[in-house]
Amino acid sequence: MGLNWLLVIVWTFFCPGAGQAVAGRRIAAFAWAVAGLVAVLALPLTLWAWHVVLAIRLGAVADAVVRVRRARVNQIKWSLPAGVATGALVIGIVYLRLFVHMFKIPASSMYPTVEIGDHILAERLTLQWRPLERGEIIVFQQPCQPDRDYIKRVIAVANDTIEIRCNVVYVNGAAIPNELVEGDTCEYRDRDDMRDEWFPRTCSRYRETLDGRSYEVFHDPDRPRRDEELRRTGRLAQGDSRDFPEPGAPLRSCATVPPMEGEAAPAQQPGRQVETKNAAGPCEPQLHFVVPPDSLFVLGDNRNNSNDSRYWGVVPVSYVRGRVVGRWYPFSRIGGI
C-alpha cells in the first residue's frame, strides 16, 4: 500500500523512533525511543520534563519525515525498532498511570499557592524511597471521605508536636517563622459553587518558612491588627477561633466530626494531646498535639478558609496519592509550586 504520511507522523509522535524504523534507520529508531522513554520517566522529578517530552516528540516527527523521504519508503513495515518504539510508549503509559496523577483544583483552600482552576501534577514514585517532608504539598484521600481527593501542605510528620495559637504555628515547640507581606490591600476572588458565581474576599498575606521551604499563606484581614496589639501590649483578650488544639475539647478525628458521606479511613489514628502550661495566656503555647505513627498533619495555605487536620484529624500516609510536582495549566502559571 502507499505510504500514509499521517500515520507515520502520528505513530512517531506517540512512539518516537517508529518513523525512523519505517525508514530502516535502526540506530536512530532506538535512540529516539530511548530518549522519549527517559523523558517520560523524568516527569515525576520536574514539571519541566513536559517540555522535554514535547520537544523530543516533535523532533522525532521532523527527523522521521526527512528520513522516510530520503529512503523513498512506499510501504509501512513492522520491524524490531518499531516494536521497541511502541513498547517504550506502552511502558511510559503504564508508568504514568501508576505513578503520575493530574488534578484540577476546585476550591480556594490552598490560595495563594494554588488557585481554583489550576491543573497540577502529583507523583508517587519518589514516595517509594523518600518520605514526605514538612512543607511539601500533597494530594491525598480525605480520611473521612476516602472517595474525595484533597490538596494540602504537610506541616508535621509522625511523632512531631503541633500547636496553633493566635495564627502562629508551633512545630516541635518552635514557632514557624512568619512575616507580613500584604495587609490592607490583600484580596482574592473565591467561587460560590451553589450560585455559580465569583466574589471577592479580603485577607492578609504572610510568608512562612518551614524546614527551608518558604511559601505564602492567607489569614483573615484583622490578623495584622491583632499582631500589632500583641506586640504592643504583650497579650490579647482571647485567642483565635482556629487555634489548635482547643483546650477542653475532644481530639478531632473522623470519629468526632459530623457524619460525612463515605466511609471513614480505618487507618486514621487519633493521636494524643499533651498539656505543657496550665493557665496560659490565649496566645501562649499550652497544649500540643502529638502526630501518631504513619500519619501527617496538614494545613491549607488559606488558613482562614481551609478544611484540614484542625477539624478532622491526621492523614494516614497510606492515603497519600502523591507529592505535588507543579502546575501544568493554565500555561500563564505553569511551573513548580
# chains A, B, ... in the order shown; residues from 1 in each chain; ligands from 1
$ select_by_dssp --residues "range 35-243 of chain A" --states "helix (DSSP H, G or I)" --output "JSON, numbers by chain"
{"A": [35, 36, 37, 38, 39, 40, 41, 49, 50, 51, 52, 53, 54, 55, 56, 57, 58, 59, 60, 61, 62, 63, 64, 65, 66, 67, 68, 69, 70, 71, 80, 81, 82, 83, 84, 85, 86, 87, 88, 89, 90, 91, 92, 93, 94, 95, 96, 97, 98, 99, 126, 127, 128, 223, 224, 225, 226, 227, 228, 229, 230, 231, 232, 233]}
$ write_last_selection --atoms "C-alpha atoms" --output "CSV table (one decimal), in the first residue's frame"
chain,number,residue,atom,x,y,z
A,35,ALA,CA,15.1,9.5,24.6
A,36,GLY,CA,11.3,9.5,24.6
A,37,LEU,CA,11.1,6.9,27.4
A,38,VAL,CA,13.7,8.7,29.6
A,39,ALA,CA,11.9,12.0,29.3
A,40,VAL,CA,8.6,10.4,30.4
A,41,LEU,CA,10.4,8.7,33.3
A,49,ALA,CA,10.2,17.4,31.7
A,50,TRP,CA,6.8,18.0,30.0
A,51,HIS,CA,8.6,20.5,27.7
A,52,VAL,CA,11.4,18.0,27.0
A,53,VAL,CA,8.8,15.3,26.2
A,54,LEU,CA,7.1,17.6,23.7
A,55,ALA,CA,10.4,18.7,22.2
A,56,ILE,CA,11.5,15.1,21.7
A,57,ARG,CA,8.2,14.0,20.1
A,58,LEU,CA,8.2,17.0,17.7
A,59,GLY,CA,11.9,16.4,16.9
A,60,ALA,CA,11.3,12.7,16.3
A,61,VAL,CA,8.5,13.5,13.8
A,62,ALA,CA,10.6,16.0,11.9
A,63,ASP,CA,13.5,13.6,11.7
A,64,ALA,CA,11.3,10.8,10.7
A,65,VAL,CA,9.7,12.7,7.8
A,66,VAL,CA,13.2,13.6,6.4
A,67,ARG,CA,14.5,10.0,6.8
A,68,VAL,CA,11.4,8.4,5.2
A,69,ARG,CA,11.5,10.7,2.2
A,70,ARG,CA,15.2,10.1,1.7
A,71,ALA,CA,14.7,6.4,1.9
A,80,LEU,CA,12.0,-4.7,15.7
A,81,PRO,CA,12.9,-1.0,16.1
A,82,ALA,CA,9.3,-0.1,15.5
A,83,GLY,CA,8.3,-2.6,18.1
A,84,VAL,CA,10.8,-1.1,20.6
A,85,ALA,CA,9.4,2.4,20.0
A,86,THR,CA,5.8,1.2,20.5
A,87,GLY,CA,6.9,-0.8,23.6
A,88,ALA,CA,8.5,2.3,25.0
A,89,LEU,CA,5.2,4.1,24.6
A,90,VAL,CA,3.4,1.3,26.5
A,91,ILE,CA,5.9,1.3,29.3
A,92,GLY,CA,5.5,5.1,29.5
A,93,ILE,CA,1.7,4.9,29.7
A,94,VAL,CA,1.8,2.2,32.4
A,95,TYR,CA,4.4,4.2,34.3
A,96,LEU,CA,2.3,7.4,34.1
A,97,ARG,CA,-0.8,5.5,35.1
A,98,LEU,CA,0.8,4.0,38.2
A,99,PHE,CA,3.0,6.9,39.4
A,126,THR,CA,9.6,9.1,44.9
A,127,LEU,CA,7.5,8.1,47.9
A,128,GLN,CA,9.0,4.6,47.5
A,223,ARG,CA,-4.6,39.5,61.8
A,224,PRO,CA,-2.1,42.4,61.3
A,225,ARG,CA,-4.1,44.5,63.8
A,226,ARG,CA,-4.0,41.7,66.3
A,227,ASP,CA,-0.3,41.1,65.8
A,228,GLU,CA,0.4,44.8,66.4
A,229,GLU,CA,-1.7,44.8,69.6
A,230,LEU,CA,0.1,41.7,70.8
A,231,ARG,CA,3.5,43.3,70.2
A,232,ARG,CA,2.4,46.5,71.9
A,233,THR,CA,0.6,45.0,75.0
$ select_by_dssp --residues "range 98-309 of chain A" --states "strand (DSSP E or B)" --output "PyMOL selection string"
chain A and resi 100-104+119-123+137-142+145-156+161-165+168-171+174-175+178-182+187-192+197-202+204-210+213-219+244+272-275+287-290+295-299+302
$ write_last_selection --atoms "C-alpha atoms" --output "mmCIF file, in the first residue's frame"
data_model
loop_
_atom_site.group_PDB
_atom_site.id
_atom_site.type_symbol
_atom_site.label_atom_id
_atom_site.label_comp_id
_atom_site.auth_asym_id
_atom_site.auth_seq_id
_atom_site.Cartn_x
_atom_site.Cartn_y
_atom_site.Cartn_z
ATOM 1 C CA VAL A 100 1.706 10.221 37.997
ATOM 2 C CA HIS A 101 -1.683 11.818 38.621
ATOM 3 C CA MET A 102 -3.285 15.014 37.367
ATOM 4 C CA PHE A 103 -5.792 17.025 39.363
ATOM 5 C CA LYS A 104 -7.884 20.148 38.825
ATOM 6 C CA HIS A 119 -4.236 21.828 36.935
ATOM 7 C CA ILE A 120 -1.497 20.210 38.966
ATOM 8 C CA LEU A 121 0.754 17.194 38.588
ATOM 9 C CA ALA A 122 1.416 14.869 41.526
ATOM 10 C CA GLU A 123 3.782 11.902 41.547
ATOM 11 C CA ILE A 137 2.306 19.840 49.207
ATOM 12 C CA ILE A 138 0.469 16.555 48.767
ATOM 13 C CA VAL A 139 -2.702 15.165 47.241
ATOM 14 C CA PHE A 140 -4.474 12.591 49.395
ATOM 15 C CA GLN A 141 -7.736 10.813 50.004
ATOM 16 C CA GLN A 142 -9.721 12.718 52.616
ATOM 17 C CA GLN A 145 -14.416 10.694 52.747
ATOM 18 C CA PRO A 146 -11.865 8.451 51.010
ATOM 19 C CA ASP A 147 -13.646 8.880 47.679
ATOM 20 C CA ARG A 148 -12.612 12.561 47.615
ATOM 21 C CA ASP A 149 -9.132 13.960 46.923
ATOM 22 C CA TYR A 150 -7.772 16.920 48.890
ATOM 23 C CA ILE A 151 -4.637 19.011 48.445
ATOM 24 C CA LYS A 152 -2.847 20.464 51.493
ATOM 25 C CA ARG A 153 0.609 21.248 52.851
ATOM 26 C CA VAL A 154 2.387 18.881 55.235
ATOM 27 C CA ILE A 155 3.118 20.768 58.458
ATOM 28 C CA ALA A 156 4.072 17.950 60.815
ATOM 29 C CA THR A 161 4.144 18.015 68.054
ATOM 30 C CA ILE A 162 1.867 20.664 66.561
ATOM 31 C CA GLU A 163 0.110 23.643 68.123
ATOM 32 C CA ILE A 164 -1.510 26.787 66.694
ATOM 33 C CA ARG A 165 -2.023 29.874 68.855
ATOM 34 C CA VAL A 168 1.231 31.195 64.840
ATOM 35 C CA VAL A 169 2.070 27.555 64.119
ATOM 36 C CA TYR A 170 4.407 25.733 66.512
ATOM 37 C CA VAL A 171 6.115 22.540 65.366
ATOM 38 C CA ALA A 174 9.267 26.166 67.835
ATOM 39 C CA ALA A 175 7.206 28.809 66.045
ATOM 40 C CA ASN A 178 6.431 34.235 59.543
ATOM 41 C CA GLU A 179 6.333 37.807 58.282
ATOM 42 C CA LEU A 180 3.644 40.102 56.934
ATOM 43 C CA VAL A 181 3.720 40.503 53.151
ATOM 44 C CA GLU A 182 0.451 42.352 52.467
ATOM 45 C CA GLU A 187 -7.824 40.423 48.312
ATOM 46 C CA TYR A 188 -8.618 37.350 46.235
ATOM 47 C CA ARG A 189 -11.536 36.026 44.213
ATOM 48 C CA ASP A 190 -13.401 32.993 45.530
ATOM 49 C CA ARG A 191 -16.120 30.919 43.908
ATOM 50 C CA ASP A 192 -19.578 30.090 45.194
ATOM 51 C CA GLU A 197 -20.527 32.972 40.706
ATOM 52 C CA TRP A 198 -17.279 34.620 41.800
ATOM 53 C CA PHE A 199 -16.983 37.072 44.683
ATOM 54 C CA PRO A 200 -14.130 38.967 46.412
ATOM 55 C CA ARG A 201 -12.658 38.076 49.810
ATOM 56 C CA THR A 202 -10.359 40.264 51.886
ATOM 57 C CA SER A 204 -3.875 39.333 54.983
ATOM 58 C CA ARG A 205 -0.844 37.724 53.390
ATOM 59 C CA TYR A 206 2.100 36.246 55.280
ATOM 60 C CA ARG A 207 5.254 34.360 54.361
ATOM 61 C CA GLU A 208 6.206 31.267 56.376
ATOM 62 C CA THR A 209 9.462 29.298 56.266
ATOM 63 C CA LEU A 210 9.308 25.661 57.328
ATOM 64 C CA ARG A 213 10.817 25.908 52.358
ATOM 65 C CA SER A 214 9.283 29.376 52.027
ATOM 66 C CA TYR A 215 5.668 29.837 50.970
ATOM 67 C CA GLU A 216 2.909 32.392 51.404
ATOM 68 C CA VAL A 217 -0.360 31.940 53.284
ATOM 69 C CA PHE A 218 -3.610 33.855 53.661
ATOM 70 C CA HIS A 219 -5.128 34.802 57.017
ATOM 71 C CA PHE A 244 -5.454 24.105 67.737
ATOM 72 C CA ARG A 272 -2.889 12.465 71.702
ATOM 73 C CA GLN A 273 -2.832 15.872 73.386
ATOM 74 C CA VAL A 274 -0.261 16.969 75.962
ATOM 75 C CA GLU A 275 -0.710 19.981 78.220
ATOM 76 C CA LEU A 287 -1.487 22.308 74.739
ATOM 77 C CA HIS A 288 0.051 20.460 71.813
ATOM 78 C CA PHE A 289 -0.965 17.540 69.646
ATOM 79 C CA VAL A 290 1.363 14.597 69.046
ATOM 80 C CA SER A 295 0.437 9.932 59.851
ATOM 81 C CA LEU A 296 0.678 13.533 58.663
ATOM 82 C CA PHE A 297 -0.783 16.790 59.984
ATOM 83 C CA VAL A 298 -1.786 19.018 57.069
ATOM 84 C CA LEU A 299 -2.992 22.597 56.670
ATOM 85 C CA ASN A 302 -5.597 29.690 53.020
#
$ closest_residue --among "A:Val315, A:Ile9, A:Ile105, A:Val114" --to "Ala267 in chain A" --atoms "only C-alpha atoms"
A:Val315
$ closest_residue --among "A:Ala31, A:Cys166, A:Leu125, A:Cys186" --to "Leu236 in chain A" --atoms "only C-alpha atoms"
A:Cys166
$ atom_distance --atom1 "CA of Gln286 in chain A" --atom2 "CA of Ala255 in chain A"
24.6 Å
$ closest_residue --among "A:Ala42, A:Ala237, A:Val157, A:Leu251" --to "Cys283 in chain A" --atoms "only C-alpha atoms"
A:Ala237
$ residues_around --residues "Ser332 in chain A" --least-positions-apart "3" --cutoff "12 Å" --atoms "only C-alpha atoms" --output "list of chain:residue names"
A:Asp118, A:His119, A:Arg327, A:Trp328, A:Tyr329, A:Gly335
$ write_last_selection --atoms "C-alpha atoms" --output "CSV table (one decimal), in the first residue's frame"
chain,number,residue,atom,x,y,z
A,118,ASP,CA,-5.2,25.2,38.3
A,119,HIS,CA,-4.2,21.8,36.9
A,327,ARG,CA,1.2,23.3,37.8
A,328,TRP,CA,0.9,22.5,34.1
A,329,TYR,CA,-2.2,24.6,33.3
A,335,GLY,CA,5.9,25.9,36.7
$ residues_around --residues "Asp294 in chain A" --least-positions-apart "4" --cutoff "10 Å" --atoms "only C-alpha atoms" --output "list in words"
Val157, Ala158, Asn159, Ala267, Gln268, Gln269, Val314, Val315, Pro316, Val317 and Ser318 of chain A
$ decode --residues "range 186-240 of chain A" --atoms "C-alpha atoms" --output "short mmCIF file (atom, residue, chain, number, x, y, z; two decimals), in the first residue's frame"
data_model
loop_
_atom_site.label_atom_id
_atom_site.label_comp_id
_atom_site.auth_asym_id
_atom_site.auth_seq_id
_atom_site.Cartn_x
_atom_site.Cartn_y
_atom_site.Cartn_z
CA CYS A 186 -4.89 41.83 50.25
CA GLU A 187 -7.82 40.42 48.31
CA TYR A 188 -8.62 37.35 46.23
CA ARG A 189 -11.54 36.03 44.21
CA ASP A 190 -13.40 32.99 45.53
CA ARG A 191 -16.12 30.92 43.91
CA ASP A 192 -19.58 30.09 45.19
CA ASP A 193 -20.40 26.75 43.57
CA MET A 194 -24.00 26.84 44.72
CA ARG A 195 -24.65 30.13 42.95
CA ASP A 196 -22.04 29.53 40.24
CA GLU A 197 -20.53 32.97 40.71
CA TRP A 198 -17.28 34.62 41.80
CA PHE A 199 -16.98 37.07 44.68
CA PRO A 200 -14.13 38.97 46.41
CA ARG A 201 -12.66 38.08 49.81
CA THR A 202 -10.36 40.26 51.89
CA CYS A 203 -7.34 38.76 53.59
CA SER A 204 -3.87 39.33 54.98
CA ARG A 205 -0.84 37.72 53.39
CA TYR A 206 2.10 36.25 55.28
CA ARG A 207 5.25 34.36 54.36
CA GLU A 208 6.21 31.27 56.38
CA THR A 209 9.46 29.30 56.27
CA LEU A 210 9.31 25.66 57.33
CA ASP A 211 12.42 23.48 57.16
CA GLY A 212 13.96 25.71 54.50
CA ARG A 213 10.82 25.91 52.36
CA SER A 214 9.28 29.38 52.03
CA TYR A 215 5.67 29.84 50.97
CA GLU A 216 2.91 32.39 51.40
CA VAL A 217 -0.36 31.94 53.28
CA PHE A 218 -3.61 33.86 53.66
CA HIS A 219 -5.13 34.80 57.02
CA ASP A 220 -8.14 36.90 57.95
CA PRO A 221 -7.80 40.66 57.27
CA ASP A 222 -7.66 41.53 61.00
CA ARG A 223 -4.59 39.49 61.83
CA PRO A 224 -2.08 42.37 61.28
CA ARG A 225 -4.06 44.49 63.76
CA ARG A 226 -4.03 41.69 66.33
CA ASP A 227 -0.33 41.09 65.78
CA GLU A 228 0.36 44.77 66.40
CA GLU A 229 -1.73 44.76 69.56
CA LEU A 230 0.10 41.67 70.79
CA ARG A 231 3.48 43.31 70.17
CA ARG A 232 2.38 46.50 71.90
CA THR A 233 0.65 45.04 74.95
CA GLY A 234 2.10 41.54 75.16
CA ARG A 235 -1.33 39.94 75.35
CA LEU A 236 -4.72 39.53 73.69
CA ALA A 237 -8.08 39.17 75.38
CA GLN A 238 -8.77 35.93 73.52
CA GLY A 239 -7.24 33.55 71.05
CA ASP A 240 -8.35 32.79 67.52
#
